[in-house]
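Source file: upload.csv. Holds: CSV, C-alpha atoms and all ligand atoms.
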```
chain,number,residue,atom,x,y,z
O,1,MET,CA,0.0,0.0,0.0
O,2,GLY,CA,2.9,2.3,0.5
O,3,ASN,CA,3.1,5.4,2.7
O,4,VAL,CA,0.0,7.6,2.8
O,5,ILE,CA,0.7,11.3,3.5
O,6,ARG,CA,-2.4,13.4,4.3
O,7,LEU,CA,-2.2,17.1,3.5
O,8,ALA,CA,-4.6,19.9,4.2
O,9,ASN,CA,-5.5,20.8,0.6
O,10,SER,CA,-4.5,20.5,-3.0
O,11,GLU,CA,-1.9,23.3,-2.7
O,12,ALA,CA,-0.2,21.4,0.1
O,13,VAL,CA,-0.2,18.2,-2.0
O,14,ALA,CA,1.5,20.1,-4.8
O,15,GLU,CA,4.1,21.5,-2.3
O,16,LYS,CA,4.9,18.1,-0.9
O,17,ALA,CA,5.1,16.6,-4.4
O,18,ALA,CA,7.6,19.4,-5.4
O,19,GLU,CA,9.7,18.5,-2.3
O,20,GLU,CA,9.7,14.8,-3.3
O,21,TRP,CA,10.6,15.8,-6.9
O,22,SER,CA,13.5,17.9,-5.6
O,23,LYS,CA,14.8,15.2,-3.3
O,24,ALA,CA,14.6,12.5,-6.0
O,25,ALA,CA,16.4,14.8,-8.4
O,26,GLU,CA,19.2,15.6,-6.0
O,27,ASP,CA,19.7,12.0,-5.1
O,28,ALA,CA,19.6,10.8,-8.8
O,29,VAL,CA,22.1,13.5,-9.9
O,30,ARG,CA,24.4,12.8,-7.0
O,31,HIS,CA,24.5,9.0,-7.7
O,32,ARG,CA,23.9,8.8,-11.5
O,33,GLY,CA,24.5,12.2,-12.9
O,34,ALA,CA,21.0,12.6,-14.3
O,35,PHE,CA,17.4,12.6,-13.2
O,36,THR,CA,14.7,10.8,-15.2
O,37,ILE,CA,11.0,11.3,-14.4
O,38,ALA,CA,7.7,10.1,-15.8
O,39,LEU,CA,4.9,12.6,-15.7
O,40,SER,CA,1.2,12.1,-15.2
O,41,GLY,CA,-1.5,13.9,-17.1
O,42,GLY,CA,-5.0,15.0,-16.0
O,43,THR,CA,-5.7,18.1,-14.0
O,44,THR,CA,-4.3,17.2,-10.5
O,45,PRO,CA,-0.6,17.7,-11.4
O,46,GLU,CA,-1.0,21.1,-13.0
O,47,ALA,CA,-0.4,22.9,-9.7
O,48,LEU,CA,2.7,20.8,-9.1
O,49,TYR,CA,4.1,21.6,-12.6
O,50,ARG,CA,3.4,25.3,-12.2
O,51,LEU,CA,5.1,25.2,-8.8
O,52,VAL,CA,8.3,23.5,-10.1
O,53,ALA,CA,8.4,26.0,-13.0
O,54,SER,CA,8.5,28.9,-10.5
O,55,GLU,CA,11.1,29.9,-7.9
O,56,PRO,CA,12.8,28.5,-6.0
O,57,TYR,CA,12.5,25.3,-8.1
O,58,GLN,CA,13.0,26.9,-11.4
O,59,THR,CA,16.5,27.8,-10.5
O,60,LYS,CA,17.3,25.0,-8.0
O,61,LEU,CA,16.3,21.9,-10.0
O,62,PRO,CA,18.9,20.3,-12.3
O,63,TRP,CA,17.0,21.0,-15.5
O,64,ASN,CA,20.0,20.5,-17.8
O,65,VAL,CA,20.3,16.8,-16.7
O,66,THR,CA,16.5,16.2,-16.2
O,67,HIS,CA,14.8,13.8,-18.7
O,68,VAL,CA,11.1,14.0,-18.9
O,69,PHE,CA,9.0,11.0,-20.1
O,70,PHE,CA,5.2,10.6,-20.1
O,71,GLY,CA,3.3,8.0,-18.2
O,72,ASP,CA,0.5,8.1,-20.7
O,73,GLU,CA,-1.0,10.2,-23.5
O,74,ARG,CA,-4.3,10.8,-25.2
O,75,ARG,CA,-4.3,9.9,-29.0
O,76,VAL,CA,-4.6,13.5,-30.2
O,77,PRO,CA,-2.2,16.0,-31.8
O,78,ARG,CA,0.1,17.9,-29.4
O,79,THR,CA,-1.9,21.1,-29.9
O,80,ASP,CA,-5.2,19.5,-28.8
O,81,PRO,CA,-6.6,20.7,-25.4
O,82,GLU,CA,-6.8,17.1,-24.4
O,83,SER,CA,-3.0,16.5,-24.9
O,84,ASN,CA,-1.0,15.7,-21.8
O,85,TYR,CA,2.1,17.0,-23.6
O,86,ARG,CA,0.4,20.3,-24.3
O,87,MET,CA,-0.7,20.7,-20.6
O,88,VAL,CA,2.9,19.8,-19.4
O,89,TYR,CA,4.4,22.2,-22.0
O,90,GLU,CA,2.1,25.1,-21.0
O,91,THR,CA,2.5,24.7,-17.2
O,92,LEU,CA,6.1,23.5,-17.0
O,93,LEU,CA,8.3,22.9,-20.0
O,94,LYS,CA,8.1,26.3,-21.6
O,95,HIS,CA,9.2,28.0,-18.4
O,96,VAL,CA,12.3,26.0,-17.5
O,97,PRO,CA,15.8,25.7,-19.1
O,98,ILE,CA,15.4,22.0,-20.0
O,99,PRO,CA,17.2,21.0,-23.2
O,100,PRO,CA,14.7,20.0,-25.9
O,101,ASP,CA,16.4,16.7,-26.4
O,102,ASN,CA,15.6,15.8,-22.8
O,103,ILE,CA,11.9,15.9,-23.5
O,104,HIS,CA,10.4,12.6,-24.6
O,105,PRO,CA,6.7,13.1,-25.7
O,106,MET,CA,4.5,10.1,-26.7
O,107,ASP,CA,3.1,10.0,-30.2
O,108,GLY,CA,-0.6,10.9,-30.1
O,109,VAL,CA,-1.4,10.5,-33.8
O,110,GLY,CA,0.6,7.7,-35.4
O,111,LEU,CA,-0.6,4.1,-36.1
O,112,MET,CA,-0.9,2.1,-32.9
O,113,ARG,CA,2.0,-0.3,-33.5
O,114,ALA,CA,4.3,2.5,-34.7
O,115,SER,CA,3.6,4.7,-31.7
O,116,MET,CA,4.2,1.8,-29.3
O,117,SER,CA,7.5,0.8,-30.8
O,118,ALA,CA,8.7,4.4,-31.2
O,119,TYR,CA,8.3,5.0,-27.5
O,120,GLU,CA,9.8,1.6,-26.6
O,121,GLN,CA,12.8,2.6,-28.7
O,122,GLN,CA,13.1,5.9,-26.9
O,123,LEU,CA,13.1,4.0,-23.6
O,124,ILE,CA,15.7,1.5,-24.8
O,125,ARG,CA,18.0,4.2,-26.0
O,126,HIS,CA,17.7,6.4,-23.0
O,127,PHE,CA,18.1,3.7,-20.4
O,128,LYS,CA,20.5,1.7,-22.6
O,129,LEU,CA,18.4,-1.4,-22.1
O,130,ASN,CA,19.4,-4.9,-23.0
O,131,ARG,CA,16.8,-7.5,-24.0
O,132,ARG,CA,14.2,-8.1,-21.2
O,133,GLU,CA,15.5,-5.2,-19.1
O,134,LEU,CA,13.1,-2.6,-17.9
O,135,PRO,CA,13.6,1.1,-17.6
O,136,ARG,CA,14.1,2.4,-14.0
O,137,PHE,CA,12.6,5.8,-13.5
O,138,ASP,CA,14.0,7.9,-10.6
O,139,LEU,CA,10.4,9.2,-10.0
O,140,PHE,CA,7.1,8.1,-11.5
O,141,LEU,CA,4.2,10.5,-11.0
O,142,LEU,CA,0.7,9.1,-11.1
O,143,GLY,CA,-2.9,10.1,-10.5
O,144,MET,CA,-6.0,8.1,-9.9
O,145,GLY,CA,-9.3,8.3,-11.7
O,146,GLU,CA,-12.6,7.9,-9.9
O,147,ASP,CA,-12.9,4.5,-11.6
O,148,GLY,CA,-9.6,3.4,-10.1
O,149,HIS,CA,-7.5,3.8,-13.3
O,150,THR,CA,-4.0,5.1,-13.2
O,151,ALA,CA,-1.8,6.3,-16.1
O,152,SER,CA,-4.1,5.0,-18.9
O,153,ILE,CA,-4.5,1.6,-17.3
O,154,PHE,CA,-8.3,1.3,-17.2
O,155,PRO,CA,-10.4,-1.2,-15.3
O,156,GLY,CA,-11.1,-4.5,-17.0
O,157,THR,CA,-8.8,-3.8,-20.0
O,158,ARG,CA,-5.8,-5.7,-21.2
O,159,ALA,CA,-3.6,-2.9,-19.9
O,160,VAL,CA,-4.1,-4.3,-16.4
O,161,SER,CA,-2.7,-7.7,-17.3
O,162,ASP,CA,0.0,-6.7,-19.8
O,163,LEU,CA,3.3,-8.0,-18.4
O,164,THR,CA,5.2,-8.2,-21.7
O,165,ASN,CA,5.1,-4.7,-23.3
O,166,MET,CA,6.7,-1.6,-21.9
O,167,VAL,CA,4.3,0.6,-23.8
O,168,LEU,CA,0.8,-0.2,-24.9
O,169,VAL,CA,-1.5,1.6,-27.3
O,170,TYR,CA,-5.0,0.2,-27.1
O,171,ASN,CA,-8.7,1.0,-27.4
O,172,VAL,CA,-10.3,1.8,-24.0
O,173,PRO,CA,-13.7,0.3,-24.6
O,174,GLN,CA,-15.5,2.4,-21.9
O,175,LEU,CA,-14.1,5.6,-23.3
O,176,HIS,CA,-14.3,4.7,-27.0
O,177,VAL,CA,-10.9,6.2,-27.5
O,178,GLU,CA,-7.3,4.9,-27.9
O,179,ARG,CA,-4.8,5.7,-25.2
O,180,ILE,CA,-1.0,5.1,-25.0
O,181,THR,CA,0.4,4.2,-21.7
O,182,LEU,CA,3.5,2.8,-19.9
O,183,THR,CA,2.6,-0.5,-18.4
O,184,LEU,CA,2.6,-1.8,-14.8
O,185,PRO,CA,6.0,-3.6,-15.1
O,186,VAL,CA,7.6,-0.3,-16.0
O,187,ILE,CA,5.8,1.7,-13.4
O,188,ASN,CA,6.7,-0.9,-10.7
O,189,ASN,CA,10.3,-0.9,-11.6
O,190,SER,CA,10.7,2.7,-10.6
O,191,ARG,CA,12.9,3.9,-7.7
O,192,SER,CA,10.1,6.0,-6.4
O,193,ILE,CA,6.4,6.5,-7.2
O,194,CYS,CA,4.2,9.3,-6.1
O,195,ILE,CA,0.4,9.1,-6.6
O,196,LEU,CA,-1.4,12.4,-6.2
O,197,VAL,CA,-5.1,12.3,-5.3
O,198,VAL,CA,-7.2,15.4,-4.5
O,199,GLY,CA,-10.9,16.1,-4.1
O,200,GLU,CA,-13.9,14.7,-2.4
O,201,GLN,CA,-15.1,13.0,-5.5
O,202,LYS,CA,-12.2,10.6,-5.2
O,203,ALA,CA,-12.8,9.8,-1.5
O,204,GLN,CA,-14.8,6.5,-1.9
O,205,THR,CA,-12.4,5.1,-4.5
O,206,LEU,CA,-9.4,6.0,-2.4
O,207,ARG,CA,-11.0,4.1,0.5
O,208,ASP,CA,-11.8,1.1,-1.7
O,209,VAL,CA,-8.2,1.1,-3.1
O,210,LEU,CA,-6.4,1.5,0.3
O,211,VAL,CA,-8.7,-0.3,2.7
O,212,GLY,CA,-10.8,-2.7,0.5
O,213,SER,CA,-9.8,-6.1,-0.8
O,214,LYS,CA,-7.4,-6.3,-3.7
O,215,ARG,CA,-9.2,-6.4,-7.0
O,216,THR,CA,-6.7,-5.0,-9.5
O,217,SER,CA,-8.8,-5.7,-12.5
O,218,HIS,CA,-11.5,-3.4,-11.1
O,219,LEU,CA,-9.1,-0.9,-9.5
O,220,PRO,CA,-5.9,-0.9,-11.5
O,221,VAL,CA,-4.2,1.6,-9.2
O,222,GLN,CA,-4.0,-1.2,-6.6
O,223,ALA,CA,-1.5,-3.0,-8.9
O,224,VAL,CA,1.0,-0.2,-8.3
O,225,ASP,CA,3.5,-1.9,-6.1
O,226,PRO,CA,7.2,-1.2,-6.7
O,227,THR,CA,9.4,-4.2,-6.8
O,228,ASP,CA,12.4,-2.4,-5.4
O,229,GLY,CA,11.4,1.2,-4.7
O,230,THR,CA,9.1,3.4,-2.6
O,231,LEU,CA,5.4,4.2,-3.1
O,232,THR,CA,4.0,7.5,-1.6
O,233,TRP,CA,0.4,8.6,-1.8
O,234,LEU,CA,0.0,12.3,-1.4
O,235,VAL,CA,-3.7,12.9,-0.7
O,236,ASP,CA,-5.6,16.0,0.5
O,237,GLU,CA,-8.1,15.9,3.3
O,238,ALA,CA,-11.1,15.9,1.0
O,239,ALA,CA,-9.9,12.7,-0.8
O,240,ALA,CA,-8.9,11.2,2.5
O,241,SER,CA,-12.3,12.0,4.2
O,242,LYS,CA,-13.5,8.4,4.0
O,243,LEU,CA,-10.3,6.9,5.5
O,244,ASP,CA,-10.0,6.4,9.2
O,245,ALA,CA,-8.1,9.1,11.0
U,1,LIG,C1,-4.4,11.1,-17.7
U,1,LIG,C2,-3.8,10.4,-16.6
U,1,LIG,C3,-4.7,9.8,-15.6
U,1,LIG,C4,-5.0,10.8,-14.5
U,1,LIG,C5,-6.3,10.4,-13.8
U,1,LIG,C6,-6.7,11.5,-12.8
U,1,LIG,O1,-3.8,11.4,-18.7
U,1,LIG,O2,-5.6,11.4,-17.6
U,1,LIG,O3,-2.5,10.3,-16.5
U,1,LIG,O4,-4.3,8.6,-15.1
U,1,LIG,O5,-3.9,10.9,-13.6
U,1,LIG,O6,-7.3,10.3,-14.7
U,1,LIG,O7,-7.0,12.6,-13.5
U,1,LIG,P1,-7.3,14.0,-12.7
U,1,LIG,O8,-6.1,14.5,-12.1
U,1,LIG,O9,-7.8,14.9,-13.9
U,1,LIG,O10,-8.4,13.7,-11.8
```
What is this file in structure tokens?
Amino acid sequence: MGNVIRLANSEAVAEKAAEEWSKAAEDAVRHRGAFTIALSGGTTPEALYRLVASEPYQTKLPWNVTHVFFGDERRVPRTDPESNYRMVYETLLKHVPIPPDNIHPMDGVGLMRASMSAYEQQLIRHFKLNRRELPRFDLFLLGMGEDGHTASIFPGTRAVSDLTNMVLVYNVPQLHVERITLTLPVINNSRSICILVVGEQKAQTLRDVLVGSKRTSHLPVQAVDPTDGTLTWLVDEAAASKLDA
């Protein structure tokens, strides 16, 4: 289940997440000379991205050796309001001195197979992977949907049980759209994972996920369980309102 940190409100969640980002970056640069992060989409992390794009983080974080990957993406052009890349670019990337080559967006428009293998190749190149090796992110940011999905791993879909691919593009039947997502083996191979959850509308799901029995096909976020890393839930009081004190 990991460590659950309850914070007063969404601003405090963003502040704590920025501290975790900063600590993970410092540690990664000290030990490996670079920091590699996978970002989440949706609305929750926008406040975090704006925060790390402003002082003191804008100056303090090691942007020149930070590599940004995406945990998932909608199958739309990068200019589309739905695009996670667009959101991350507007809130974060255009405000910080990160080299363009360090940004690794997912393909939102190509053919399914081509988009999958293009991103897989980016991972293989960046992490210098041999056959059957998995990438190891220093920090993997995630969110949770009201239906218990995380990244674009939706309930009842083949993304929940995919243990062979690093990247999956598939049709999400309940949304009638395609999504591209990193898979659970990649997520769970991270050094640290932070799941940000805010808002009263997520309270019942958060309770089911953290306190209820394990039903990963129904609640995919329950399958986030690092093999050799840390898992931290950063939740605001509204989302935590159905958990015991
Ligand atoms: C996405 C995601 C997704 C998201 C949750 C929560 O691209 O939508 O990465 O998994 O984190 O749906 O979204 P909200 O933060 O908007 O509630």
Can you pull out every residue within 12 Å of Asn189 in chain O, counting only C-alpha atoms, but drop anything in the same chain fewer than 2 positions away, and send it as a ChimeraX atom specification? /O:133-140,166,182-187,191-193,224-231
Within 8 Å of ligand LIG 1 (chain U), which residues of chain O come that close, and what is the closest atom pair and distance in Å for each? Count only C-alpha atoms and all ligand atoms and give it as CSV.
```
residue,atom,partner,partner_atom,distance
O:Leu39,CA,U:LIG1,O3,7.8
O:Ser40,CA,U:LIG1,O3,4.3
O:Gly41,CA,U:LIG1,O1,3.8
O:Gly42,CA,U:LIG1,O9,3.5
O:Thr43,CA,U:LIG1,O9,3.8
O:Thr44,CA,U:LIG1,O8,3.6
O:Pro45,CA,U:LIG1,O8,6.4
O:Gly71,CA,U:LIG1,O3,6.5
O:Asp72,CA,U:LIG1,O3,5.6
O:Glu73,CA,U:LIG1,O1,5.7
O:Arg74,CA,U:LIG1,O1,6.5
O:Asn84,CA,U:LIG1,O1,6.0
O:Leu142,CA,U:LIG1,O5,5.5
O:Gly143,CA,U:LIG1,O5,3.4
O:Met144,CA,U:LIG1,C6,4.5
O:Gly145,CA,U:LIG1,O6,4.1
O:Glu146,CA,U:LIG1,O10,7.4
O:His149,CA,U:LIG1,O4,6.0
O:Thr150,CA,U:LIG1,O4,4.0
O:Ala151,CA,U:LIG1,O4,3.5
O:Ser152,CA,U:LIG1,O4,5.2
O:Ile153,CA,U:LIG1,O4,7.3
O:Leu196,CA,U:LIG1,O8,7.8
O:Val197,CA,U:LIG1,O8,7.2
O:Val198,CA,U:LIG1,O10,7.6
```
Selected residue of minimal separation from Gln58 in chain O among O:Leu206, O:Ser117, O:Val96, O:Leu123, counting all atoms listed in the file: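 The answer is O:Val96, which sits nearest to Gln58 in chain O.
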Could you check the closest approach to Leu234 in chain O for each of O:Leu48, O:Gln121, O:Arg215, O:Ser22 and tell me which residue wins, using all atoms listed in the file?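 Smallest distance to Leu234 in chain O is found for O:Leu48.
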Rank nothing, just name the residue among O:Phe127, O:Tyr57, O:Trp233, O:Phe154 nearest to Ala34 in chain O, using only C-alpha atoms. O:Phe127
Would you please work out which residue, of O:Gly108, O:Gly33, O:Gly2, O:Pro97, is nearest to Gln222 in chain O when using all atoms listed in the file? O:Gly2
Report, in Å with one decimal, the straight-line distance from CA of Cys194 in chain O to CA of Leu7 in chain O.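 About the pair CA of Cys194 in chain O and CA of Leu7 in chain O: they are 13.9 Å apart.
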Between O:Glu26, O:Glu11, O:Asp107, O:Glu178, which is the closest to Arg50 in chain O once you count only C-alpha atoms?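 Closest to Arg50 in chain O of all the choices is O:Glu11.
Coordinates place CA of Asp236 in chain O at a distance of 11.8 Å from CA of Ala17 in chain O.
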